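A.B. asks: One structure, as structure tokens, below. Some questions next.
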Amino acid sequence: MTSVPAVLNSEWTKIRTVSSTTWTLISAFVVTVAMSAALSALLNSQFDDLPAAERATFDPTLVSFSGTALGQLAMVVFGVLVVGTEYSSGMIRTSLAAVPRRGTFLFSKVAVAGVLALLVGLATSFVTFFLSQALLGDHGTDIGAENVLRAVFGGGLYMGLIAVFSMGVATMLRSSMLSLGILMPFFFLVSQILSAVPGAKKVARYFPDQAGSKIMQVVPDAMNSGPAPYGPWSGMGIMALWVVAALAGGWLVLKKRDA
């Protein structure tokens, strides 16, 4: 019987020796920081031109995470590749032969990749925050202000959970292409569009990204965005339920179906 530490070590070896997974994490960091910095500098220069309602609800903390909408897509790719590469290469048969206990195999993979995604997410979140606040100048805030540290930590947690959610979906679908074909349009287009449509907004606010991103908001109704029926940690709880559901589905598929 393969021990859990040995399985964890083997999963760590797989991740750090595959260049595509490393580059997706680097991309998540670079894209989020660069996009957030650019938008923060732009808003600082055009702050006086914003509508009065947006100036009144201006949230410098949330603005510093404006690049997360693109950076999270790299986290999606990372989560999908960690699982999907096993199926596309046929390595899944060797992996399951070496680790017959499929729950141990799946959750060891999720643990290693999830912790790595969380650490990169936290580093991204803190660097993004401090750089953006510097660019916002007099319109910025500081890490000691009320609820700001919660938002910065939550930004990193959000990116880690996006990666874990993607791992669960990829385990269910057993295909990188199919998983990316569903998740990328969903997070980049469908969720964003539906959250702006009056009739669909009430449903879209319970999507994992819409609920989880609430943790990065400090000012209520920031940027005149309208109220939500849950708070920052409740929104993160909704996102966590999505992650648990995706992992449970992935575990059932892995347990029931042949490799």
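Naming scheme: A, B, ... for chains in displayed order of the structure tokens; residues 1 onward per chain; ligands 1 onward as shown.
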Within 10 Å of Ser225 in chain A, counting only C-alpha atoms, which residues show up once you throw out same-chain ones fewer than 2 positions away? Write them as a PyMOL selection string, please.
C.D. replies: chain A and resi 53-54+57+196+220-223+227-228
A.B. asks: With a cut-off of 12 Å, could you pull out the residues of range 83-193 of chain A touching range 23-36 of chain A and give me the nearest pair of atoms for each, distance in Å to one decimal, using only C-alpha atoms, ordered by chain and ascending number, as JSON lines?
C.D. replies:
{"residue": "A:Ala113", "atom": "CA", "partner": "A:Leu25", "partner_atom": "CA", "distance": 10.7}
{"residue": "A:Gly114", "atom": "CA", "partner": "A:Leu25", "partner_atom": "CA", "distance": 11.8}
{"residue": "A:Leu116", "atom": "CA", "partner": "A:Leu25", "partner_atom": "CA", "distance": 9.0}
{"residue": "A:Ala117", "atom": "CA", "partner": "A:Leu25", "partner_atom": "CA", "distance": 7.4}
{"residue": "A:Leu118", "atom": "CA", "partner": "A:Leu25", "partner_atom": "CA", "distance": 10.5}
{"residue": "A:Leu119", "atom": "CA", "partner": "A:Leu25", "partner_atom": "CA", "distance": 10.2}
{"residue": "A:Val120", "atom": "CA", "partner": "A:Leu25", "partner_atom": "CA", "distance": 7.0}
{"residue": "A:Gly121", "atom": "CA", "partner": "A:Phe29", "partner_atom": "CA", "distance": 7.5}
{"residue": "A:Leu122", "atom": "CA", "partner": "A:Phe29", "partner_atom": "CA", "distance": 9.8}
{"residue": "A:Ala123", "atom": "CA", "partner": "A:Phe29", "partner_atom": "CA", "distance": 8.0}
{"residue": "A:Thr124", "atom": "CA", "partner": "A:Phe29", "partner_atom": "CA", "distance": 5.2}
{"residue": "A:Ser125", "atom": "CA", "partner": "A:Val33", "partner_atom": "CA", "distance": 8.2}
{"residue": "A:Phe126", "atom": "CA", "partner": "A:Val33", "partner_atom": "CA", "distance": 9.6}
{"residue": "A:Val127", "atom": "CA", "partner": "A:Val33", "partner_atom": "CA", "distance": 7.1}
{"residue": "A:Thr128", "atom": "CA", "partner": "A:Val33", "partner_atom": "CA", "distance": 4.9}
{"residue": "A:Phe129", "atom": "CA", "partner": "A:Val33", "partner_atom": "CA", "distance": 8.5}
{"residue": "A:Phe130", "atom": "CA", "partner": "A:Val33", "partner_atom": "CA", "distance": 10.0}
{"residue": "A:Leu131", "atom": "CA", "partner": "A:Val33", "partner_atom": "CA", "distance": 8.0}
{"residue": "A:Ser132", "atom": "CA", "partner": "A:Ser36", "partner_atom": "CA", "distance": 6.6}
{"residue": "A:Gln133", "atom": "CA", "partner": "A:Ser36", "partner_atom": "CA", "distance": 10.1}
{"residue": "A:Ala134", "atom": "CA", "partner": "A:Ser36", "partner_atom": "CA", "distance": 11.7}
{"residue": "A:Leu135", "atom": "CA", "partner": "A:Ser36", "partner_atom": "CA", "distance": 9.9}
{"residue": "A:Leu136", "atom": "CA", "partner": "A:Ser36", "partner_atom": "CA", "distance": 10.8}
{"residue": "A:Gly155", "atom": "CA", "partner": "A:Thr32", "partner_atom": "CA", "distance": 11.0}
{"residue": "A:Gly156", "atom": "CA", "partner": "A:Phe29", "partner_atom": "CA", "distance": 10.7}
{"residue": "A:Met159", "atom": "CA", "partner": "A:Ala28", "partner_atom": "CA", "distance": 9.0}
{"residue": "A:Gly160", "atom": "CA", "partner": "A:Leu25", "partner_atom": "CA", "distance": 10.7}
{"residue": "A:Ile162", "atom": "CA", "partner": "A:Ala28", "partner_atom": "CA", "distance": 11.6}
{"residue": "A:Ala163", "atom": "CA", "partner": "A:Leu25", "partner_atom": "CA", "distance": 10.1}
A.B. asks: Any idea what's packed within 10 Å of Ala248 in chain A, counting only C-alpha atoms, ignoring anything in its chain fewer than 6 positions away? Could you give it as a ChimeraX atom specification?
C.D. replies: /A:168-169,171-172,242,254
A.B. asks: Using only C-alpha atoms, which residues sit within 12 Å of Leu96 in chain A once same-chain residues fewer than 4 positions away are excluded, as an MDAnalysis selection string?
C.D. replies: chainID A and resid 2 7 86:87 90:92 100:106 254:255 257:259
A.B. asks: May I ask which of the residues A:Val63, A:Leu173, A:Val77, A:Leu50 is the closest one to Ala37 in chain A, counting only C-alpha atoms?
C.D. replies: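 Of all the options, A:Val63 lies closest to Ala37 in chain A.
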A.B. asks: Taking only residues of range 13-64 of chain A that have an atom at most 12 Å from an atom of range 149-152 of chain A, what is each one's shortest atom pair and its distance in Å to one decimal, using only C-alpha atoms, in chain and number order, as CSV?
C.D. replies:
residue,atom,partner,partner_atom,distance
A:Asp59,CA,A:Ala151,CA,11.3
A:Pro60,CA,A:Ala151,CA,11.1
A:Thr61,CA,A:Ala151,CA,7.4
A:Leu62,CA,A:Ala151,CA,8.1
A:Val63,CA,A:Ala151,CA,11.4
A:Ser64,CA,A:Val152,CA,9.4
A.B. asks: If we count only C-alpha atoms and set the cut-off at 12 Å, which residues sit around Ser179 in chain A, ignoring sequence neighbours fewer than 6 positions away in its own chain? Please answer as a list in words.
C.D. replies: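 The residues satisfying every condition are Val76, Val77, Phe78, Gly79, Val80, Leu81, Val82, Val83, Gly84, Thr85, Phe165, Ser166, Met167, Gly168, Val169, Ala170, Thr171, Met172, Leu173, Pro185 and Phe186 of chain A.
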A.B. asks: Would you mind listing what lies within 10 Å of range 197-206 of chain A as an mmCIF file with all heavy atoms, in the first residue's frame, with only C-alpha atoms counted and same-chain residues fewer than 2 positions away left out?
C.D. replies:
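Writing done, so here's result-v7.cif:
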data_model
loop_
_atom_site.group_PDB
_atom_site.id
_atom_site.type_symbol
_atom_site.label_atom_id
_atom_site.label_comp_id
_atom_site.auth_asym_id
_atom_site.auth_seq_id
_atom_site.Cartn_x
_atom_site.Cartn_y
_atom_site.Cartn_z
ATOM 1 N N VAL A 190 -19.610 34.262 -19.744
ATOM 2 C CA VAL A 190 -20.968 33.946 -19.279
ATOM 3 C C VAL A 190 -21.259 34.577 -17.918
ATOM 4 O O VAL A 190 -22.269 35.271 -17.731
ATOM 5 C CB VAL A 190 -21.165 32.416 -19.216
ATOM 6 C CG1 VAL A 190 -22.555 32.090 -18.651
ATOM 7 C CG2 VAL A 190 -20.994 31.806 -20.589
ATOM 8 N N SER A 191 -20.362 34.334 -16.968
ATOM 9 C CA SER A 191 -20.596 34.860 -15.624
ATOM 10 C C SER A 191 -20.625 36.383 -15.612
ATOM 11 O O SER A 191 -21.477 36.994 -14.951
ATOM 12 C CB SER A 191 -19.500 34.351 -14.675
ATOM 13 O OG SER A 191 -19.679 34.875 -13.381
ATOM 14 N N GLN A 192 -19.702 37.006 -16.361
ATOM 15 C CA GLN A 192 -19.644 38.468 -16.393
ATOM 16 C C GLN A 192 -20.877 39.073 -17.053
ATOM 17 O O GLN A 192 -21.418 40.088 -16.588
ATOM 18 C CB GLN A 192 -18.373 38.922 -17.144
ATOM 19 C CG GLN A 192 -17.091 38.373 -16.592
ATOM 20 C CD GLN A 192 -16.830 38.786 -15.149
ATOM 21 O OE1 GLN A 192 -17.138 39.912 -14.774
ATOM 22 N NE2 GLN A 192 -16.289 37.889 -14.342
ATOM 23 N N ILE A 193 -21.325 38.447 -18.151
ATOM 24 C CA ILE A 193 -22.483 38.971 -18.865
ATOM 25 C C ILE A 193 -23.758 38.810 -18.038
ATOM 26 O O ILE A 193 -24.548 39.746 -17.879
ATOM 27 C CB ILE A 193 -22.630 38.269 -20.233
ATOM 28 C CG1 ILE A 193 -21.463 38.658 -21.151
ATOM 29 C CG2 ILE A 193 -23.959 38.627 -20.884
ATOM 30 C CD1 ILE A 193 -21.425 37.885 -22.447
ATOM 31 N N LEU A 194 -23.954 37.606 -17.488
ATOM 32 C CA LEU A 194 -25.176 37.360 -16.720
ATOM 33 C C LEU A 194 -25.251 38.228 -15.466
ATOM 34 O O LEU A 194 -26.343 38.603 -15.030
ATOM 35 C CB LEU A 194 -25.266 35.875 -16.337
ATOM 36 C CG LEU A 194 -25.489 34.902 -17.490
ATOM 37 C CD1 LEU A 194 -25.630 33.480 -16.964
ATOM 38 C CD2 LEU A 194 -26.737 35.277 -18.295
ATOM 39 N N SER A 195 -24.086 38.549 -14.892
ATOM 40 C CA SER A 195 -24.095 39.385 -13.682
ATOM 41 C C SER A 195 -24.511 40.815 -13.982
ATOM 42 O O SER A 195 -24.816 41.578 -13.061
ATOM 43 C CB SER A 195 -22.706 39.382 -13.033
ATOM 44 O OG SER A 195 -21.760 40.029 -13.869
ATOM 45 N N PRO A 208 -19.606 30.698 -8.576
ATOM 46 C CA PRO A 208 -18.430 30.680 -7.685
ATOM 47 C C PRO A 208 -17.576 31.932 -7.754
ATOM 48 O O PRO A 208 -17.104 32.430 -6.714
ATOM 49 C CB PRO A 208 -17.655 29.438 -8.162
ATOM 50 C CG PRO A 208 -18.208 29.102 -9.504
ATOM 51 C CD PRO A 208 -19.626 29.544 -9.484
ATOM 52 N N ASP A 209 -17.357 32.474 -8.947
ATOM 53 C CA ASP A 209 -16.504 33.665 -9.048
ATOM 54 C C ASP A 209 -17.196 34.908 -8.515
ATOM 55 O O ASP A 209 -16.573 35.734 -7.838
ATOM 56 C CB ASP A 209 -16.066 33.881 -10.506
ATOM 57 C CG ASP A 209 -17.243 34.000 -11.455
ATOM 58 O OD1 ASP A 209 -18.289 33.385 -11.183
ATOM 59 O OD2 ASP A 209 -17.134 34.719 -12.454
ATOM 60 N N GLN A 210 -18.488 35.045 -8.801
ATOM 61 C CA GLN A 210 -19.226 36.218 -8.327
ATOM 62 C C GLN A 210 -19.315 36.232 -6.795
ATOM 63 O O GLN A 210 -19.140 37.268 -6.158
ATOM 64 C CB GLN A 210 -20.632 36.244 -8.927
ATOM 65 C CG GLN A 210 -20.659 36.337 -10.443
ATOM 66 C CD GLN A 210 -20.100 37.652 -10.957
ATOM 67 O OE1 GLN A 210 -20.211 38.678 -10.306
ATOM 68 N NE2 GLN A 210 -19.484 37.626 -12.120
ATOM 69 N N ALA A 211 -19.601 35.068 -6.210
ATOM 70 C CA ALA A 211 -19.717 34.995 -4.744
ATOM 71 C C ALA A 211 -18.352 35.131 -4.078
ATOM 72 O O ALA A 211 -18.189 35.877 -3.107
ATOM 73 C CB ALA A 211 -20.370 33.670 -4.354
ATOM 74 N N GLY A 212 -17.351 34.428 -4.597
ATOM 75 C CA GLY A 212 -16.028 34.432 -3.965
ATOM 76 C C GLY A 212 -15.336 35.778 -4.040
ATOM 77 O O GLY A 212 -14.629 36.178 -3.106
ATOM 78 N N LYS A 214 -16.468 38.591 -3.685
ATOM 79 C CA LYS A 214 -17.010 39.537 -2.709
ATOM 80 C C LYS A 214 -16.023 39.779 -1.573
ATOM 81 O O LYS A 214 -16.043 40.844 -0.942
ATOM 82 C CB LYS A 214 -18.317 38.972 -2.148
ATOM 83 C CG LYS A 214 -19.112 39.937 -1.292
ATOM 84 C CD LYS A 214 -19.821 40.954 -2.126
ATOM 85 C CE LYS A 214 -20.726 41.840 -1.259
ATOM 86 N NZ LYS A 214 -21.357 42.893 -2.080
ATOM 87 N N ALA A 228 -25.483 43.001 -2.385
ATOM 88 C CA ALA A 228 -25.555 41.545 -2.548
ATOM 89 C C ALA A 228 -26.233 40.970 -1.306
ATOM 90 O O ALA A 228 -26.150 41.556 -0.223
ATOM 91 C CB ALA A 228 -24.154 40.955 -2.702
ATOM 92 N N PRO A 229 -26.908 39.817 -1.432
ATOM 93 C CA PRO A 229 -27.639 39.254 -0.285
ATOM 94 C C PRO A 229 -26.731 38.524 0.696
ATOM 95 O O PRO A 229 -27.237 37.810 1.571
ATOM 96 C CB PRO A 229 -28.622 38.291 -0.960
ATOM 97 C CG PRO A 229 -27.935 37.876 -2.210
ATOM 98 C CD PRO A 229 -27.121 39.064 -2.660
ATOM 99 N N TYR A 230 -25.411 38.645 0.566
ATOM 100 C CA TYR A 230 -24.484 37.967 1.478
ATOM 101 C C TYR A 230 -23.261 38.860 1.683
ATOM 102 O O TYR A 230 -22.984 39.777 0.898
ATOM 103 C CB TYR A 230 -24.054 36.602 0.918
ATOM 104 C CG TYR A 230 -23.655 36.634 -0.536
ATOM 105 C CD1 TYR A 230 -22.425 37.157 -0.934
ATOM 106 C CD2 TYR A 230 -24.503 36.151 -1.514
ATOM 107 C CE1 TYR A 230 -22.052 37.204 -2.266
ATOM 108 C CE2 TYR A 230 -24.148 36.196 -2.858
ATOM 109 C CZ TYR A 230 -22.923 36.716 -3.219
ATOM 110 O OH TYR A 230 -22.556 36.782 -4.534
ATOM 111 N N GLY A 235 -20.003 34.955 1.028
ATOM 112 C CA GLY A 235 -19.703 34.725 -0.383
ATOM 113 C C GLY A 235 -18.590 33.716 -0.575
ATOM 114 O O GLY A 235 -18.658 32.856 -1.461
ATOM 115 N N ILE A 238 -20.009 30.318 -0.094
ATOM 116 C CA ILE A 238 -20.720 29.825 -1.287
ATOM 117 C C ILE A 238 -19.725 29.274 -2.299
ATOM 118 O O ILE A 238 -19.938 28.207 -2.891
ATOM 119 C CB ILE A 238 -21.545 30.977 -1.910
ATOM 120 C CG1 ILE A 238 -22.669 31.381 -0.966
ATOM 121 C CG2 ILE A 238 -22.105 30.555 -3.271
ATOM 122 C CD1 ILE A 238 -23.391 32.651 -1.381
ATOM 123 N N MET A 239 -18.620 29.989 -2.483
ATOM 124 C CA MET A 239 -17.593 29.503 -3.414
ATOM 125 C C MET A 239 -17.011 28.175 -2.928
ATOM 126 O O MET A 239 -16.766 27.258 -3.728
ATOM 127 C CB MET A 239 -16.486 30.547 -3.544
ATOM 128 C CG MET A 239 -15.423 30.176 -4.550
ATOM 129 S SD MET A 239 -14.104 31.395 -4.628
ATOM 130 C CE MET A 239 -13.215 30.799 -6.080
ATOM 131 N N TRP A 242 -19.126 25.309 -3.901
ATOM 132 C CA TRP A 242 -18.914 24.935 -5.312
ATOM 133 C C TRP A 242 -17.670 24.050 -5.447
ATOM 134 O O TRP A 242 -17.648 23.084 -6.213
ATOM 135 C CB TRP A 242 -18.738 26.189 -6.163
ATOM 136 C CG TRP A 242 -20.013 26.859 -6.570
ATOM 137 C CD1 TRP A 242 -20.640 27.890 -5.938
ATOM 138 C CD2 TRP A 242 -20.835 26.538 -7.710
ATOM 139 N NE1 TRP A 242 -21.789 28.242 -6.595
ATOM 140 C CE2 TRP A 242 -21.934 27.425 -7.692
ATOM 141 C CE3 TRP A 242 -20.749 25.596 -8.724
ATOM 142 C CZ2 TRP A 242 -22.930 27.396 -8.656
ATOM 143 C CZ3 TRP A 242 -21.740 25.562 -9.703
ATOM 144 C CH2 TRP A 242 -22.814 26.454 -9.657
#
A.B. asks: Smallest atom-to-atom distance to Val115 in chain A: which of A:Ala38, A:Val164, A:Val244, A:Val4, using only C-alpha atoms?
C.D. replies: A:Val164
A.B. asks: Please determine, counting only C-alpha atoms, which residue among A:Ile143, A:Val112, A:Val99, A:Leu189 has the shortest atom-to-atom distance to Ile15 in chain A.
C.D. replies: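 Ranked by minimum distance to Ile15 in chain A, first place goes to A:Val112.
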A.B. asks: How far is it from CA of Ser20 in chain A to CA of Ile215 in chain A, in Å with one decimal?
C.D. replies: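 About the pair CA of Ser20 in chain A and CA of Ile215 in chain A: they are 29.3 Å apart.
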